[in-house]
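Participant: Below is a structure I'd like to ask you about.
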Amino acid sequence: MFNGLVAYLDSIKARDPAPRSRWEILLYPGLVAVGMHRIAHWLFEARLFFLARFVNHLSRFLTAVDIHPGAQIGRHLFIDHGFGVVIGETAEIGDNVSIYQGVTLGGTDPANGIGGKRHPTLADDVIVGSGAQILGPVTVNARARVGANAVVTKDVPEGAVMVGIPARSTLLDASEYAREFVPYGTPCSETFDPATQKVELLQCQLDLMQKQLKALLDEREAAAEDDEAPRRKGSRTGT
């Protein structure tokens with residue numbers, strides 16, 4: 001257990017340059033919230049729902065992080081800063097996932113009124129930036145990055161970088177620009193700005209249309225000259 005705790009603390013230190021020692025990390029509200037969730041989840045699995053909820057509410061009071069006791073969380077989850085994070089009952093989180101403040105893993109009401117999988121699934125090594133909302137039983141596949149304030153309502157491909165409302169891919173795989181870890185999951189470069197990419201695509205389309213228009217005008221001018229040639233020849237003959 002001790003070795004497991006040390007490995008967990010080291011995994012957080014690798015993703016956060018702020019702490020000077022492991023002792024500091026023990027005070028992180030995100031770490032406290034995950035630790036208390038382990039207890040609440042054990043009680044929930046034992047069908048001690050009231051006690052599970054009690055631990056959940058105590059954790060929320062102490063850390064401002066609300067993790068439903070039923071949520072399934074893998075190894076080395078890092079909730080940085082933590083305030084305002086909400087993780088729903090049927091959410092599933094893989095290993096080495098990083099979540100920043102204000103993130104919601106929210107559920108949707110099933111259309112048939114029957115409970116079931118209502119919350120997102122985050123695969124291994126996913127990063128979710130601050131304020132992002134991932135809603136419904138969608139899957140964010142391994143190594144994907146969800147940028148700050150993005151709203152995800154559809155499955156996210158492996159390694160994708162998602163930004164915007166609604167979230168859309170920057171068309172680049174995370175491995176093409178990222179180190180092993182990218183703070184907040186958001187590429188801080190205009191090169192990866194979807195708005196910039198959209199303008200560039202529109203510019204390419206405009207250039208193509210201009211070339212096609214020029215070719216069409218040249219073709220019409222050539223056809224007009226061909227039609228005019230017999231007339232000129234006939235007029236010279238008549239003269």
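Each chain in the structure tokens gets a letter, A, B, ..., in the order shown, and its residues are numbered from 1; ligands are numbered from 1 in order too.
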Quick one: everything within 8 Å of A:Thr108, counting only C-alpha atoms, minus sequence neighbours fewer than 6 positions away in the same chain. Send it as a list of chain:residue names.
Facilitator: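 Counting only C-alpha atoms, the residues come to A:Arg118, A:His119, A:Leu135, A:Gly136, A:Pro137.
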Participant: I'd like the contact shell of A:Ala33 - 8 Å cut-off, only C-alpha atoms, skipping same-chain residues fewer than 3 positions apart - returned as a PyMOL selection string.
Facilitator: chain A and resi 29-30+36-37+59-60+63+65+67
Participant: Restricting the output to C-alpha atoms, write the selected residues as a PDB file, in the first residue's frame.
Facilitator:
ATOM      1  CA  PRO A  29      -7.905  18.690  -2.240  1.00  0.00           C
ATOM      2  CA  GLY A  30      -8.069  16.512  -5.344  1.00  0.00           C
ATOM      3  CA  MET A  36     -12.445   9.657   0.361  1.00  0.00           C
ATOM      4  CA  HIS A  37     -14.148   8.458  -2.801  1.00  0.00           C
ATOM      5  CA  SER A  59     -15.674  15.031   0.987  1.00  0.00           C
ATOM      6  CA  ARG A  60     -17.570  17.673  -0.967  1.00  0.00           C
ATOM      7  CA  THR A  63     -12.673  19.693  -0.966  1.00  0.00           C
ATOM      8  CA  VAL A  65     -15.141  18.126  -5.348  1.00  0.00           C
ATOM      9  CA  ILE A  67     -17.707  12.467  -6.878  1.00  0.00           C
TER      10      ILE A  67
END
Participant: Could you write out, as a PyMOL selection string, all the residues of stretch 5-225 of chain A that DSSP marks as strand (DSSP E)?
Facilitator: chain A and resi 66-67+72-73+78-79+86-87+92-93+98-99+104-106+121-122+127-128+133-135+139-140+145-146+151-152+160-163+168-173
Participant: Name the closest residue to A:Ala64 among the candidates A:Tyr100, A:Phe78, A:Phe83, A:Phe50; distances are taken between atoms, counting only C-alpha atoms.
Facilitator: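 Smallest distance to A:Ala64 is found for A:Phe83.
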Participant: Hey, can you check how far atom CA of A:Ile134 sits from atom CA of A:Val156?
Facilitator: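 So the answer is 10.3 Å.
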Participant: I'd like to know which residues of stretch 16-182 of chain A are alpha helix (DSSP H) (by DSSP, run on the backbone); could you write them as an MDAnalysis selection string?
Facilitator: chainID A and resid 22:25 29:45 49:63 174:177
Participant: What does the distance from atom CA of A:Gly88 to atom CA of A:Val146 come to in Å, to one decimal?
Facilitator: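 For atom CA of A:Gly88 relative to atom CA of A:Val146, the distance reads 17.8 Å.
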Participant: Pick from A:Phe44, A:Tyr28, A:Phe49, A:Phe61: nearest to A:Ile12, with only C-alpha atoms counted?
Facilitator: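 Of the candidates, the smallest distance to A:Ile12 is held by A:Tyr28.
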